[in-house]
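Working notes, structure below.
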Amino acid sequence: MDLDINIILIIIISAISIFAFSRPEIMGKLQFNAWQIVHRKEIHRMFTYGLVHGSWIHLLINMFVLFSFGRAVLYYFGQAFDGGATIRYLILFVSAIIVSTIATLNKEKDNPHYNAVGASGAVSAVVFTSILFDPYNPILLFGIIPIPGIIFGVLYIIYSKYMAGKNVDNIGHDAHYHGAIYGLFFPLLYEPKLAIHFFNQLTSFNF
C-alpha cells in the first residue's frame, strides 16, 4: 500500500533519532556540517542530518506533520500519475533533504561550528507539495487555527526567508524556505500541466 512508505520513513527516522539522542558521537557523525562536507568531503552529511533530531519535541512535530501530509501527497500522486506514487514520494522526500541545504552549504562552508539536524526541509517540501494539489485545504496553525494552505504557504515562505536573512537563532530557516519552494515545483517535473491545475484551484475559490 502506498501509505507504507510514509510509515517506513517515520519509523526509520524515529529509530535513528532516538538512538542518537543518548549517543553524541553518532549525532556528531550524522549531523549537517558544511565545513566537514566541503573540506573533509563527508558528503554523507548532506543526507544523514535528516535522519536525526535535536530533541523529542523536534522529532515528534516533524513526524506528526510528515504523517499527516504524507498521506495526502501519496493520495494526490496516486490520482495525478499513472502508477509510481510510492517511488515518486520517496524521491521527493530524499531529494528534498539534500536540496534544502544547498544554500546553507554555500553560506556556512567555512564555518566549522555550524551544525544542523532534522528532516524539516523535507517535511516542508511534503507540506508544500500538498498545497500545490489543494491550495485551499486548511492547515491548522499552532495545531488549532484553521488557515487555507495557500495563505499559510505564503506566510511561511515570507517568514522563513526573512529569518534566514537575519540568522539570529539556531533554526534552519534556509532549509525550511528552500524545502518549501522545492516541494511546490517537484510534481511539475513529472507533469508541468499541474501548474494549470494549481491556478484553476486558486481561481475556483468561492468568496
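Labels used: A, B, ... for chains in the order of the C-alpha cells, numbers from 1 for residues in each chain, and numbers from 1 for ligands as shown.
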**OP:** For stretch 35-38 of chain A, list every protein, DNA or RNA residue within 6 Å, evaluated using only C-alpha atoms, and leave out those in the same chain fewer than 3 positions away; present the list as a list in words.
**Re:** Lys41, Glu42, Ile43, Lys109, Asp110, Asn111 and Pro112 of chain A
Could you write out that same residue set with C-alpha atoms as a short mmCIF file (atom, residue, chain, number, x, y, z; two decimals), in the first residue's frame?
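Here's the written file part_25.cif:
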```cif
data_model
loop_
_atom_site.label_atom_id
_atom_site.label_comp_id
_atom_site.auth_asym_id
_atom_site.auth_seq_id
_atom_site.Cartn_x
_atom_site.Cartn_y
_atom_site.Cartn_z
CA LYS A 41 34.47 15.50 1.79
CA GLU A 42 32.00 13.95 4.26
CA ILE A 43 29.25 14.06 1.65
CA LYS A 109 31.18 26.16 4.17
CA ASP A 110 33.92 28.00 6.05
CA ASN A 111 32.22 27.86 9.44
CA PRO A 112 33.29 24.69 11.29
#
```
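Within 7 Å of A:Leu184, once only C-alpha atoms are used and residues closer than 3 positions along the same chain are dropped, the contacting residues are A:Phe128, A:Thr129, A:Leu132, A:Ala180, A:Ile181.
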Could you turn the residues from that selection into a file that holds C-alpha atoms, as a CSV table (one decimal), in the first residue's frame?
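In the end it all went to again-v3.csv:
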```
chain,number,residue,atom,x,y,z
A,128,PHE,CA,4.0,22.4,0.0
A,129,THR,CA,3.5,19.6,-2.5
A,132,LEU,CA,0.2,22.6,-4.9
A,180,ALA,CA,9.1,24.6,0.6
A,181,ILE,CA,9.9,26.0,-2.8
```
**OP:** Please measure the separation of atom CA of A:Gly172 and atom CA of A:Val117, giving the value in Å to one decimal.
**Re:** 8.5 Å
Find the residues of stretch 7-38 of chain A that sit at most 7 Å from stretch 113-116 of chain A; for each, write down the nearest two atoms and how far apart they are in Å, to one decimal. Count only C-alpha atoms. Sort by chain, then by number going up, and give it as a Markdown table.
```
| residue | atom | partner | partner_atom | distance |
| --- | --- | --- | --- | --- |
| A:Gln31 | CA | A:Ala116 | CA | 5.9 |
| A:Phe32 | CA | A:Ala116 | CA | 5.0 |
| A:Asn33 | CA | A:Asn115 | CA | 4.9 |
```
Subject >> Near-stretch 91-102 of chain A list (9 Å; only C-alpha atoms; drop same-chain fewer than 2 positions) as an MDAnalysis selection string >> reply: chainID A and resid 32 46:50 86:89 104:107 119:126 172 174:183 186:187
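Look at stretch 14-27 of chain A: the protein and nucleic acid residues within 9 Å of it, using only C-alpha atoms and passing over chain neighbours fewer than 2 places away, are A:Leu9, A:Ile10, A:Ile11, A:Ile12, A:Lys29, A:Leu30, A:Gln31, A:Tyr49, A:Leu51, A:Val52, A:His53, A:Gly54, A:Ser55, A:Trp56, A:Leu59, A:Leu60, A:Met63, A:Val117, A:Gly118.
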**OP:** Apply DSSP to the backbone of this structure and, from stretch 19-202 of chain A, keep only the residues in helix (DSSP H, G or I); write these as a PyMOL selection string.
**Re:** chain A and resi 19-21+24-30+34-39+45-51+56-80+85-99+102-107+120-133+149-166+173-190+194-202
**OP:** Using backbone DSSP assignments, extract all strand (DSSP E) residues from chain A; output them as a PyMOL selection string.
**Re:** chain A and resi 138-141+145-148
**OP:** Could you jot down the atom CA of A:Arg45 to atom CA of A:Ile13 separation for me, Å, one decimal place?
**Re:**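 Distance reported for this atom pair: 14.7 Å.
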